[in-house]
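structure-v3.txt follows (compact mmCIF, C-alpha atoms):
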```txt
# COMPACT_ATOMS: atom_id res chain seq x y z
CA MET A 1 -55.07 -33.55 -38.55
CA PRO A 2 -57.44 -33.19 -41.54
CA ALA A 3 -61.15 -33.58 -40.89
CA ALA A 4 -62.59 -37.02 -41.59
CA LEU A 5 -64.18 -37.59 -44.98
CA PRO A 6 -67.93 -38.12 -45.22
CA TRP A 7 -67.50 -40.42 -48.22
CA ARG A 8 -66.40 -43.73 -46.73
CA CYS A 9 -65.41 -45.08 -50.15
CA LEU A 10 -62.56 -42.59 -50.21
CA ASN A 11 -59.62 -42.40 -47.84
CA ASP A 12 -57.40 -39.40 -47.29
CA TYR A 13 -54.58 -40.72 -49.45
CA PHE A 14 -56.84 -41.30 -52.43
CA LEU A 15 -58.40 -37.86 -51.94
CA SER A 16 -55.01 -36.12 -51.88
CA THR A 17 -54.10 -37.97 -55.09
CA ILE A 18 -57.31 -36.89 -56.86
CA LEU A 19 -56.95 -33.26 -55.80
CA GLY A 20 -53.28 -33.24 -56.81
CA VAL A 21 -54.18 -34.51 -60.28
CA ILE A 22 -56.97 -31.94 -60.67
CA GLU A 23 -54.68 -29.09 -59.60
CA GLY A 24 -51.90 -30.21 -61.93
CA LEU A 25 -54.28 -30.63 -64.88
CA THR A 26 -56.04 -27.30 -64.53
CA GLU A 27 -53.53 -24.82 -63.07
CA PHE A 28 -52.04 -23.72 -66.38
CA LEU A 29 -54.88 -24.54 -68.76
CA PRO A 30 -57.31 -21.62 -69.36
CA VAL A 31 -60.12 -23.37 -67.49
CA SER A 32 -59.63 -22.08 -63.90
CA SER A 33 -57.95 -24.39 -61.41
CA THR A 34 -59.64 -22.55 -58.52
CA ALA A 35 -63.10 -23.37 -59.81
CA HIS A 36 -62.23 -27.00 -60.58
CA LEU A 37 -60.58 -27.56 -57.21
CA ARG A 38 -63.43 -25.97 -55.26
CA ILE A 39 -66.08 -27.86 -57.20
CA ALA A 40 -64.19 -31.16 -56.82
CA GLU A 41 -63.83 -30.59 -53.08
CA ALA A 42 -67.55 -29.89 -52.78
CA ILE A 43 -68.46 -33.02 -54.78
CA LEU A 44 -66.05 -35.18 -52.75
CA GLY A 45 -67.43 -33.89 -49.47
CA VAL A 46 -64.39 -31.92 -48.34
CA ASP A 47 -65.26 -29.32 -45.70
CA LEU A 48 -64.24 -26.06 -47.39
CA SER A 49 -64.23 -24.29 -44.02
CA ASP A 50 -61.71 -26.75 -42.56
CA GLY A 51 -58.34 -25.01 -42.14
CA TYR A 52 -56.30 -28.04 -43.11
CA TRP A 53 -57.96 -28.58 -46.48
CA LYS A 54 -57.74 -24.86 -47.24
CA MET A 55 -54.01 -25.07 -46.63
CA PHE A 56 -53.82 -28.30 -48.65
CA SER A 57 -55.17 -26.43 -51.69
CA ILE A 58 -52.45 -23.80 -51.27
CA VAL A 59 -49.64 -26.36 -50.93
CA ILE A 60 -50.58 -28.37 -54.03
CA GLN A 61 -50.80 -25.11 -55.99
CA LEU A 62 -47.21 -24.42 -54.98
CA GLY A 63 -46.34 -27.85 -56.36
CA ALA A 64 -47.77 -26.87 -59.73
CA ILE A 65 -45.99 -23.49 -59.69
CA LEU A 66 -42.62 -25.16 -59.08
CA CYS A 67 -42.74 -26.86 -62.47
CA LEU A 68 -42.57 -23.52 -64.32
CA PRO A 69 -39.08 -22.30 -63.30
CA ILE A 70 -37.81 -25.80 -64.05
CA TYR A 71 -39.50 -26.03 -67.47
CA PHE A 72 -38.47 -22.48 -68.44
CA TRP A 73 -35.06 -22.62 -66.77
CA SER A 74 -33.10 -21.83 -69.95
CA ARG A 75 -35.38 -18.88 -70.79
CA ILE A 76 -35.06 -17.48 -67.27
CA MET A 77 -31.28 -17.85 -67.34
CA SER A 78 -31.24 -16.11 -70.72
CA PHE A 79 -33.23 -13.21 -69.29
CA LEU A 80 -30.83 -12.87 -66.38
CA ALA A 81 -27.75 -13.13 -68.60
CA THR A 82 -28.94 -10.49 -71.09
CA TYR A 83 -30.34 -7.98 -68.59
CA PRO A 84 -30.58 -5.03 -69.10
CA GLY A 85 -29.50 -4.70 -72.75
CA GLY A 86 -31.29 -7.73 -74.17
CA LYS A 87 -29.99 -10.19 -76.77
CA LYS A 88 -29.50 -7.48 -79.40
CA GLY A 89 -28.44 -4.72 -77.04
CA ASP A 90 -31.52 -2.63 -77.82
CA LYS A 91 -33.26 -2.89 -74.43
CA THR A 92 -33.11 -0.84 -71.25
CA ALA A 93 -33.61 -1.62 -67.57
CA ILE A 94 -37.39 -1.16 -67.96
CA THR A 95 -37.98 -2.54 -71.47
CA HIS A 96 -36.15 -5.86 -71.02
CA PRO A 97 -38.53 -8.89 -70.93
CA LEU A 98 -37.53 -9.56 -67.31
CA ALA A 99 -38.55 -6.02 -66.36
CA LEU A 100 -41.79 -6.27 -68.36
CA THR A 101 -42.71 -9.43 -66.46
CA LEU A 102 -42.15 -7.64 -63.16
CA ILE A 103 -44.10 -4.58 -64.39
CA ALA A 104 -47.11 -6.75 -65.24
CA PHE A 105 -46.80 -8.44 -61.84
CA ALA A 106 -46.63 -5.06 -60.06
CA VAL A 107 -49.73 -3.83 -61.91
CA THR A 108 -51.66 -6.95 -60.88
CA SER A 109 -50.54 -6.62 -57.26
CA ALA A 110 -51.41 -2.93 -57.05
CA THR A 111 -54.89 -3.44 -58.48
CA SER A 112 -55.64 -6.64 -56.52
CA LEU A 113 -54.69 -5.48 -53.00
CA PRO A 114 -57.67 -3.07 -52.60
CA LEU A 115 -59.99 -5.91 -53.64
CA ILE A 116 -58.91 -8.53 -51.07
CA LYS A 117 -62.28 -8.57 -49.31
CA VAL A 118 -64.12 -9.06 -52.61
CA ILE A 119 -61.71 -11.83 -53.59
CA GLY A 120 -62.31 -13.75 -50.33
CA LYS A 121 -66.08 -13.43 -50.65
CA ASN A 122 -66.27 -14.70 -54.23
CA LEU A 123 -64.13 -17.75 -53.49
CA GLU A 124 -67.12 -19.36 -51.82
CA SER A 125 -69.64 -18.61 -54.60
CA LEU A 126 -70.34 -21.37 -57.12
CA VAL A 127 -72.63 -18.97 -59.00
CA VAL A 128 -69.74 -16.55 -59.52
CA MET A 129 -67.47 -19.40 -60.64
CA GLY A 130 -70.02 -20.81 -63.08
CA SER A 131 -70.77 -17.39 -64.54
CA ALA A 132 -67.06 -16.56 -64.87
CA LEU A 133 -66.42 -19.87 -66.64
CA ILE A 134 -69.11 -19.10 -69.22
CA ILE A 135 -68.21 -15.44 -69.75
CA GLY A 136 -64.51 -16.23 -69.95
CA GLY A 137 -65.18 -19.05 -72.40
CA VAL A 138 -67.16 -16.79 -74.72
CA ALA A 139 -64.48 -14.08 -74.46
CA MET A 140 -61.68 -16.54 -75.21
CA TRP A 141 -63.57 -17.98 -78.19
CA VAL A 142 -64.20 -14.53 -79.67
CA VAL A 143 -60.66 -13.28 -79.06
CA ASP A 144 -59.02 -16.40 -80.49
CA SER A 145 -61.31 -16.34 -83.53
CA ILE A 146 -60.45 -12.71 -84.28
CA TYR A 147 -56.78 -12.56 -83.33
CA GLY A 148 -55.58 -16.16 -83.17
CA ALA A 149 -55.09 -16.77 -86.88
CA ARG A 150 -53.48 -13.47 -87.81
CA LYS A 151 -50.00 -14.75 -87.01
CA GLY A 152 -48.97 -18.23 -87.92
CA GLY A 153 -46.42 -20.41 -89.64
CA THR A 154 -42.79 -19.72 -88.83
CA PHE A 155 -43.67 -16.62 -86.80
CA GLU A 156 -45.52 -18.77 -84.28
CA ALA A 157 -42.35 -20.79 -83.82
CA ALA A 158 -40.49 -17.59 -82.91
CA ALA A 159 -42.43 -16.92 -79.72
CA ALA A 160 -39.25 -16.31 -77.73
CA GLU A 161 -38.18 -13.54 -80.11
CA GLU A 162 -41.69 -12.09 -80.06
CA VAL A 163 -41.66 -11.87 -76.26
CA GLU A 164 -38.33 -10.05 -76.58
CA ARG A 165 -40.12 -7.36 -78.64
CA MET A 166 -42.89 -6.72 -76.10
CA THR A 167 -43.54 -3.17 -74.89
CA ILE A 168 -44.38 -1.54 -71.55
CA PRO A 169 -48.03 -0.78 -72.56
CA GLN A 170 -48.52 -4.47 -73.44
CA ALA A 171 -47.15 -5.53 -70.05
CA ILE A 172 -49.40 -3.06 -68.19
CA TRP A 173 -52.46 -4.18 -70.16
CA ILE A 174 -51.81 -7.87 -69.46
CA GLY A 175 -51.20 -7.13 -65.77
CA LEU A 176 -54.50 -5.26 -65.51
CA CYS A 177 -56.44 -8.07 -67.17
CA GLN A 178 -54.83 -10.64 -64.86
CA THR A 179 -56.59 -8.91 -61.93
CA LEU A 180 -59.89 -10.36 -63.18
CA ALA A 181 -58.82 -13.87 -62.13
CA PRO A 182 -58.65 -13.41 -58.34
CA VAL A 183 -61.63 -11.04 -58.25
CA PHE A 184 -63.86 -13.43 -60.21
CA PRO A 185 -62.86 -17.06 -59.47
CA GLY A 186 -63.54 -19.15 -62.55
CA THR A 187 -62.13 -16.50 -64.87
CA SER A 188 -58.72 -18.25 -64.95
CA ARG A 189 -55.51 -16.31 -64.68
CA SER A 190 -54.09 -17.96 -67.79
CA MET A 191 -57.25 -17.25 -69.80
CA ALA A 192 -57.16 -13.56 -68.85
CA THR A 193 -53.47 -13.12 -69.67
CA ILE A 194 -53.58 -15.15 -72.90
CA ALA A 195 -56.61 -13.26 -74.25
CA ALA A 196 -55.09 -9.93 -73.17
CA GLY A 197 -51.82 -10.84 -74.89
CA GLN A 198 -53.57 -11.75 -78.14
CA ILE A 199 -55.58 -8.50 -78.12
CA SER A 200 -52.37 -6.52 -77.54
CA GLY A 201 -50.74 -8.02 -80.63
CA LEU A 202 -49.02 -11.21 -79.44
CA SER A 203 -49.41 -14.50 -81.26
CA ARG A 204 -51.01 -17.47 -79.52
CA THR A 205 -47.68 -19.03 -78.57
CA ALA A 206 -46.09 -15.79 -77.39
CA ALA A 207 -49.16 -14.89 -75.33
CA LEU A 208 -49.05 -18.34 -73.73
CA GLU A 209 -45.32 -18.15 -73.00
CA PHE A 210 -45.60 -14.72 -71.39
CA SER A 211 -48.61 -15.96 -69.40
CA PHE A 212 -46.48 -18.79 -68.01
CA LEU A 213 -43.54 -16.49 -67.21
CA LEU A 214 -45.82 -13.95 -65.51
CA SER A 215 -47.46 -16.65 -63.42
CA ILE A 216 -44.17 -17.46 -61.66
CA PRO A 217 -43.97 -14.27 -59.53
CA THR A 218 -47.74 -13.79 -59.43
CA MET A 219 -48.65 -17.23 -58.16
CA ALA A 220 -45.60 -17.56 -55.92
CA ALA A 221 -46.50 -14.30 -54.15
CA ALA A 222 -50.23 -15.08 -53.86
CA THR A 223 -49.85 -18.66 -52.64
CA GLY A 224 -46.91 -17.76 -50.40
CA TYR A 225 -49.02 -15.08 -48.73
CA ASP A 226 -51.95 -17.48 -48.26
CA LEU A 227 -49.67 -20.19 -46.87
CA LEU A 228 -48.06 -17.77 -44.42
CA LYS A 229 -51.50 -16.79 -43.12
CA ALA A 230 -52.47 -20.44 -42.74
CA LEU A 231 -49.31 -21.32 -40.80
CA LYS A 232 -48.74 -18.14 -38.78
CA GLY A 233 -52.14 -16.45 -38.46
CA PRO A 234 -54.55 -16.58 -35.52
CA ASP A 235 -56.31 -19.58 -37.11
CA ARG A 236 -53.08 -21.38 -37.95
CA VAL A 237 -53.31 -25.06 -38.75
CA HIS A 238 -51.53 -27.68 -36.64
CA ILE A 239 -50.33 -30.59 -38.77
CA ASP A 240 -49.50 -34.10 -37.56
CA GLY A 241 -47.50 -36.77 -39.38
CA HIS A 242 -50.51 -38.03 -41.33
CA GLY A 243 -51.26 -34.49 -42.49
CA TRP A 244 -47.69 -33.96 -43.72
CA VAL A 245 -47.85 -37.19 -45.74
CA LEU A 246 -51.05 -36.04 -47.45
CA LEU A 247 -49.47 -32.68 -48.27
CA ALA A 248 -46.41 -34.42 -49.76
CA ILE A 249 -48.57 -36.69 -51.93
CA GLY A 250 -50.67 -33.83 -53.27
CA PHE A 251 -47.61 -31.60 -53.82
CA LEU A 252 -45.61 -34.19 -55.78
CA ILE A 253 -48.53 -35.33 -57.93
CA SER A 254 -49.49 -31.75 -58.72
CA PHE A 255 -45.90 -30.97 -59.75
CA VAL A 256 -45.54 -33.98 -62.06
CA VAL A 257 -48.94 -33.55 -63.73
CA ALA A 258 -48.50 -29.79 -64.15
CA TYR A 259 -45.08 -30.24 -65.79
CA ALA A 260 -46.56 -32.66 -68.32
CA VAL A 261 -49.49 -30.33 -68.99
CA VAL A 262 -47.24 -27.32 -69.64
CA ALA A 263 -45.11 -29.28 -72.12
CA TRP A 264 -48.20 -30.62 -73.90
CA PHE A 265 -50.04 -27.30 -73.91
CA MET A 266 -47.15 -25.42 -75.54
CA GLN A 267 -47.23 -27.90 -78.45
CA TRP A 268 -51.03 -27.96 -78.71
CA VAL A 269 -51.42 -24.19 -78.98
CA ARG A 270 -48.90 -23.89 -81.81
CA ASN A 271 -51.17 -25.99 -84.01
CA ARG A 272 -54.73 -25.79 -82.72
CA GLY A 273 -55.45 -22.69 -80.65
CA PHE A 274 -57.77 -22.20 -77.67
CA THR A 275 -61.28 -22.87 -79.06
CA PRO A 276 -61.69 -26.37 -77.50
CA PHE A 277 -60.93 -24.91 -74.07
CA ALA A 278 -63.44 -22.11 -74.64
CA ILE A 279 -66.16 -24.64 -75.46
CA TYR A 280 -65.27 -26.71 -72.40
CA ARG A 281 -65.48 -23.62 -70.18
CA ILE A 282 -68.97 -22.79 -71.43
CA LEU A 283 -70.26 -26.32 -70.91
CA ALA A 284 -68.62 -26.65 -67.48
CA GLY A 285 -69.91 -23.24 -66.39
CA ALA A 286 -73.45 -24.12 -67.41
CA ALA A 287 -73.26 -27.38 -65.44
CA VAL A 288 -71.96 -25.54 -62.36
CA LEU A 289 -74.76 -22.94 -62.54
CA VAL A 290 -77.44 -25.63 -62.85
CA TRP A 291 -76.00 -27.47 -59.86
CA ALA A 292 -75.57 -24.31 -57.77
CA LEU A 293 -79.00 -22.87 -58.50
CA ARG A 294 -80.73 -26.16 -57.74
```
Would you mind writing the structure in this file as structure tokens?
Amino acid sequence: MPAALPWRCLNDYFLSTILGVIEGLTEFLPVSSTAHLRIAEAILGVDLSDGYWKMFSIVIQLGAILCLPIYFWSRIMSFLATYPGGKKGDKTAITHPLALTLIAFAVTSATSLPLIKVIGKNLESLVVMGSALIIGGVAMWVVDSIYGARKGGTFEAAAAEEVERMTIPQAIWIGLCQTLAPVFPGTSRSMATIAAGQISGLSRTAALEFSFLLSIPTMAAATGYDLLKALKGPDRVHIDGHGWVLLAIGFLISFVVAYAVVAWFMQWVRNRGFTPFAIYRILAGAAVLVWALR
């Protein structure tokens, strides 16, 4: 049973709806869903130490993740059908896009595991989140200004072919940069991978597409691990009927909103780039730091 809310104007159903919308809106935008969800929970009076609401955050994240294999179903099926030679027969078992995605995932996993204690500690720090939002916003602005306009026109529309031409060093580099997201909440996994992709030579659209594809194994593994701990660990959460209903509401809303955001974001980036999101990050980070330090 979730802990009672201190804000009497909100009930649990409305809260699960709000949090589901926030998760769906921010999971795949380069603005950090972790920071937005934590800040929203603090503002709404959710007890961040309560086991149920911790698990709730994990479940609605899974809802957002589920939209990706559905949205990119044809691309994933194409990867599986052309493995290992690729569409043109010029790939190997380790240079195929499917293998490069798994290589980047393996690099992130290997570099994140030794930092688990640091990751858990920073999740509770609004100062870290605010600082990461600002620093990441500045980095994204600079990277997109330098690298974002170098490839455009018809080449931007060929993001799928560009991902097919990726190399092992690019995959390793993007996997390493993705480690910043869990270590410094507020960095944003998508921001780190998109910026890393642009620096490595990918266009905006290709960097975004690879970021989405990489997030499928990365986020599924991370949230699956967290959910297993919540359900099977020594502090496992016991859920009643009311609790399951709240989880279902948050999960479904997160899925629907995230699917719409992914479809919209792919179109937006082809024409406009990432600068508006960088500006938003800087302003949001400054607001969080002012609130936290006061």
Counting only C-alpha atoms, which residues of stretch 72-147 of chain A sit at most 12 Å from some atom of stretch 171-175 of chain A, and what is each one's closest atom pair with its distance in Å to one decimal, listed by chain and rising residue number, as JSON lines?
```
{"residue": "A:Ile94", "atom": "CA", "partner": "A:Ala171", "partner_atom": "CA", "distance": 10.9}
{"residue": "A:Thr95", "atom": "CA", "partner": "A:Ala171", "partner_atom": "CA", "distance": 9.7}
{"residue": "A:His96", "atom": "CA", "partner": "A:Ala171", "partner_atom": "CA", "distance": 11.0}
{"residue": "A:Pro97", "atom": "CA", "partner": "A:Ala171", "partner_atom": "CA", "distance": 9.3}
{"residue": "A:Leu98", "atom": "CA", "partner": "A:Ala171", "partner_atom": "CA", "distance": 10.8}
{"residue": "A:Ala99", "atom": "CA", "partner": "A:Ala171", "partner_atom": "CA", "distance": 9.4}
{"residue": "A:Leu100", "atom": "CA", "partner": "A:Ala171", "partner_atom": "CA", "distance": 5.7}
{"residue": "A:Thr101", "atom": "CA", "partner": "A:Ala171", "partner_atom": "CA", "distance": 6.9}
{"residue": "A:Leu102", "atom": "CA", "partner": "A:Ala171", "partner_atom": "CA", "distance": 8.8}
{"residue": "A:Ile103", "atom": "CA", "partner": "A:Ala171", "partner_atom": "CA", "distance": 6.5}
{"residue": "A:Ala104", "atom": "CA", "partner": "A:Gly175", "partner_atom": "CA", "distance": 4.1}
{"residue": "A:Phe105", "atom": "CA", "partner": "A:Gly175", "partner_atom": "CA", "distance": 6.0}
{"residue": "A:Ala106", "atom": "CA", "partner": "A:Gly175", "partner_atom": "CA", "distance": 7.6}
{"residue": "A:Val107", "atom": "CA", "partner": "A:Gly175", "partner_atom": "CA", "distance": 5.3}
{"residue": "A:Thr108", "atom": "CA", "partner": "A:Gly175", "partner_atom": "CA", "distance": 4.9}
{"residue": "A:Ser109", "atom": "CA", "partner": "A:Gly175", "partner_atom": "CA", "distance": 8.6}
{"residue": "A:Ala110", "atom": "CA", "partner": "A:Gly175", "partner_atom": "CA", "distance": 9.7}
{"residue": "A:Thr111", "atom": "CA", "partner": "A:Gly175", "partner_atom": "CA", "distance": 9.0}
{"residue": "A:Ser112", "atom": "CA", "partner": "A:Gly175", "partner_atom": "CA", "distance": 10.3}
```
Query raised in the report: Around (-47.9, -16.8, -62.3) in the file's own coordinates, what residues are found within 10 Å if you use only C-alpha atoms, given back as a ChimeraX atom specification?
Result: /A:27-28,65,68,101,105,178,189-190,193,210-222
Since we have the selection now, will you write its residues out, keeping C-alpha atoms, as a PDB file, in the coordinates of the input?
```pdb
ATOM      1  CA  GLU A  27     -53.530 -24.820 -63.070  1.00  0.00           C
ATOM      2  CA  PHE A  28     -52.040 -23.720 -66.380  1.00  0.00           C
ATOM      3  CA  ILE A  65     -45.990 -23.490 -59.690  1.00  0.00           C
ATOM      4  CA  LEU A  68     -42.570 -23.520 -64.320  1.00  0.00           C
ATOM      5  CA  THR A 101     -42.710  -9.430 -66.460  1.00  0.00           C
ATOM      6  CA  PHE A 105     -46.800  -8.440 -61.840  1.00  0.00           C
ATOM      7  CA  GLN A 178     -54.830 -10.640 -64.860  1.00  0.00           C
ATOM      8  CA  ARG A 189     -55.510 -16.310 -64.680  1.00  0.00           C
ATOM      9  CA  SER A 190     -54.090 -17.960 -67.790  1.00  0.00           C
ATOM     10  CA  THR A 193     -53.470 -13.120 -69.670  1.00  0.00           C
ATOM     11  CA  PHE A 210     -45.600 -14.720 -71.390  1.00  0.00           C
ATOM     12  CA  SER A 211     -48.610 -15.960 -69.400  1.00  0.00           C
ATOM     13  CA  PHE A 212     -46.480 -18.790 -68.010  1.00  0.00           C
ATOM     14  CA  LEU A 213     -43.540 -16.490 -67.210  1.00  0.00           C
ATOM     15  CA  LEU A 214     -45.820 -13.950 -65.510  1.00  0.00           C
ATOM     16  CA  SER A 215     -47.460 -16.650 -63.420  1.00  0.00           C
ATOM     17  CA  ILE A 216     -44.170 -17.460 -61.660  1.00  0.00           C
ATOM     18  CA  PRO A 217     -43.970 -14.270 -59.530  1.00  0.00           C
ATOM     19  CA  THR A 218     -47.740 -13.790 -59.430  1.00  0.00           C
ATOM     20  CA  MET A 219     -48.650 -17.230 -58.160  1.00  0.00           C
ATOM     21  CA  ALA A 220     -45.600 -17.560 -55.920  1.00  0.00           C
ATOM     22  CA  ALA A 221     -46.500 -14.300 -54.150  1.00  0.00           C
ATOM     23  CA  ALA A 222     -50.230 -15.080 -53.860  1.00  0.00           C
TER      24      ALA A 222
END
```
**Report entry** Residue nearest A:Gly186 - candidates A:Leu293, A:Leu29, A:Ile18, A:Ile60, atoms counted: only C-alpha atoms
**Finding:**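 Comparing A:Leu293, A:Leu29, A:Ile18, A:Ile60 against A:Gly186, the winner is A:Leu29.
Between A:Tyr280 and the residues A:Gly137, A:Gly89, A:Pro114, A:Gly51, the shortest atom-to-atom distance, using only C-alpha atoms, involves A:Gly137.
Distances to A:Leu133 were evaluated for A:Ala192, A:Ala42, A:Ala64, A:Ile146 using only C-alpha atoms, and the minimum falls at A:Ala192.
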Considering all atoms listed in the file, return as a compact mmCIF listing (two decimals) with C-alpha atoms, in the frame of the given file whatever protein or nucleic-acid residues lie within 10 Å of A:Lys87, sequence-local ones (same chain, fewer than 3 positions apart) excluded.
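Output saved as result_10.txt:
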```txt
# COMPACT_ATOMS: atom_id res chain seq x y z
CA SER A 78 -31.24 -16.11 -70.72
CA PHE A 79 -33.23 -13.21 -69.29
CA ALA A 81 -27.75 -13.13 -68.60
CA THR A 82 -28.94 -10.49 -71.09
CA TYR A 83 -30.34 -7.98 -68.59
CA PRO A 84 -30.58 -5.03 -69.10
CA ASP A 90 -31.52 -2.63 -77.82
CA LYS A 91 -33.26 -2.89 -74.43
CA HIS A 96 -36.15 -5.86 -71.02
CA GLU A 161 -38.18 -13.54 -80.11
CA GLU A 164 -38.33 -10.05 -76.58
```
Query raised in the report: Counting all atoms listed in the file, what is within 12 Å of A:Val290, bar same-chain residues fewer than 6 positions away, as a PyMOL selection string?
Result: chain A and resi 126-127+129-131+283-284
Requested in this report: Figure out the distance between atom CA of A:Ile253 and atom CA of A:Ile194, please, to one decimal in Å.
Outcome: 25.6 Å
**Report entry** Closest of A:Met266, A:Thr275, A:Leu113, A:Ser145 to A:Ala206 - atom-to-atom distances counting all atoms listed in the file
**Finding:**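 The answer is A:Met266, which sits nearest to A:Ala206.
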Report task. Would you please work out which residue, of A:Ala292, A:Leu246, A:Ala278, A:Cys177, is nearest to A:Asn11 when using only C-alpha atoms? Result ->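 Among the listed residues, A:Leu246 lies closest to A:Asn11.
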Report task. Rank nothing, just name the residue among A:Pro182, A:Ala93, A:Pro30, A:Ala230 nearest to A:Ile282, using all atoms listed in the file. Result ->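 Closest to A:Ile282, using all atoms listed in the file: A:Pro30.
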Query - Point-to-point distance in Å for atom CA of A:Ile39 and atom CA of A:Ile70 - result: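 If I compute the distance from atom CA of A:Ile70 to atom CA of A:Ile39, I get 29.2 Å.
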Query raised in the report: So what do you get for atom CA of A:Phe255 versus atom CA of A:Gly63, distance-wise?
Result: 4.6 Å
Query raised in the report: Near A:Pro185, within 12 Å and counting all atoms listed in the file, which residues show up once chain neighbours fewer than 4 positions away are dropped, as a PyMOL selection string?
Result: chain A and resi 31-39+118-136+178-181+189+191-192+285
Query - A:Val59 surroundings by only C-alpha atoms, 12 Å radius, close-in-sequence under 4 positions cut, as number ranges by chain - result: A: 16, 19-20, 23-24, 52-55, 63-66, 219-220, 222-228, 230-231, 243-244, 246-255
Write to file, as a short mmCIF file (atom, residue, chain, number, x, y, z; two decimals), keeping the file's coordinate frame, the residues of the selection just made, with C-alpha atoms.
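Here's the written file again_26.cif:
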```cif
data_model
loop_
_atom_site.label_atom_id
_atom_site.label_comp_id
_atom_site.auth_asym_id
_atom_site.auth_seq_id
_atom_site.Cartn_x
_atom_site.Cartn_y
_atom_site.Cartn_z
CA SER A 16 -55.01 -36.12 -51.88
CA LEU A 19 -56.95 -33.26 -55.80
CA GLY A 20 -53.28 -33.24 -56.81
CA GLU A 23 -54.68 -29.09 -59.60
CA GLY A 24 -51.90 -30.21 -61.93
CA TYR A 52 -56.30 -28.04 -43.11
CA TRP A 53 -57.96 -28.58 -46.48
CA LYS A 54 -57.74 -24.86 -47.24
CA MET A 55 -54.01 -25.07 -46.63
CA GLY A 63 -46.34 -27.85 -56.36
CA ALA A 64 -47.77 -26.87 -59.73
CA ILE A 65 -45.99 -23.49 -59.69
CA LEU A 66 -42.62 -25.16 -59.08
CA MET A 219 -48.65 -17.23 -58.16
CA ALA A 220 -45.60 -17.56 -55.92
CA ALA A 222 -50.23 -15.08 -53.86
CA THR A 223 -49.85 -18.66 -52.64
CA GLY A 224 -46.91 -17.76 -50.40
CA TYR A 225 -49.02 -15.08 -48.73
CA ASP A 226 -51.95 -17.48 -48.26
CA LEU A 227 -49.67 -20.19 -46.87
CA LEU A 228 -48.06 -17.77 -44.42
CA ALA A 230 -52.47 -20.44 -42.74
CA LEU A 231 -49.31 -21.32 -40.80
CA GLY A 243 -51.26 -34.49 -42.49
CA TRP A 244 -47.69 -33.96 -43.72
CA LEU A 246 -51.05 -36.04 -47.45
CA LEU A 247 -49.47 -32.68 -48.27
CA ALA A 248 -46.41 -34.42 -49.76
CA ILE A 249 -48.57 -36.69 -51.93
CA GLY A 250 -50.67 -33.83 -53.27
CA PHE A 251 -47.61 -31.60 -53.82
CA LEU A 252 -45.61 -34.19 -55.78
CA ILE A 253 -48.53 -35.33 -57.93
CA SER A 254 -49.49 -31.75 -58.72
CA PHE A 255 -45.90 -30.97 -59.75
#
```
Working from the structure I just supplied, which lacks atoms in stretch 255-267 of chain A, can you model N, CA and C atoms there and output them as a CSV table (one decimal), in the frame of the given file?
```csv
chain,number,residue,atom,x,y,z
A,255,PHE,N,-47.1,-31.4,-59.0
A,255,PHE,CA,-45.9,-31.0,-59.8
A,255,PHE,C,-45.7,-31.8,-61.0
A,256,VAL,N,-45.8,-33.1,-60.9
A,256,VAL,CA,-45.5,-34.0,-62.1
A,256,VAL,C,-46.6,-33.8,-63.2
A,257,VAL,N,-47.9,-33.7,-62.8
A,257,VAL,CA,-48.9,-33.6,-63.7
A,257,VAL,C,-48.9,-32.2,-64.4
A,258,ALA,N,-48.6,-31.1,-63.6
A,258,ALA,CA,-48.5,-29.8,-64.2
A,258,ALA,C,-47.4,-29.7,-65.2
A,259,TYR,N,-46.2,-30.3,-64.9
A,259,TYR,CA,-45.1,-30.2,-65.8
A,259,TYR,C,-45.5,-30.9,-67.1
A,260,ALA,N,-46.1,-32.0,-67.1
A,260,ALA,CA,-46.6,-32.7,-68.3
A,260,ALA,C,-47.6,-31.8,-69.1
A,261,VAL,N,-48.5,-31.2,-68.4
A,261,VAL,CA,-49.5,-30.3,-69.0
A,261,VAL,C,-48.9,-29.1,-69.7
A,262,VAL,N,-47.9,-28.5,-69.0
A,262,VAL,CA,-47.2,-27.3,-69.6
A,262,VAL,C,-46.5,-27.7,-70.9
A,263,ALA,N,-45.8,-28.8,-70.9
A,263,ALA,CA,-45.1,-29.3,-72.1
A,263,ALA,C,-46.1,-29.6,-73.2
A,264,TRP,N,-47.2,-30.3,-72.9
A,264,TRP,CA,-48.2,-30.6,-73.9
A,264,TRP,C,-48.9,-29.4,-74.4
A,265,PHE,N,-49.3,-28.5,-73.5
A,265,PHE,CA,-50.0,-27.3,-73.9
A,265,PHE,C,-49.3,-26.4,-74.9
A,266,MET,N,-48.0,-26.2,-74.7
A,266,MET,CA,-47.2,-25.4,-75.5
A,266,MET,C,-47.2,-26.0,-77.0
A,267,GLN,N,-47.2,-27.3,-77.1
A,267,GLN,CA,-47.2,-27.9,-78.4
A,267,GLN,C,-48.6,-27.8,-79.0
```
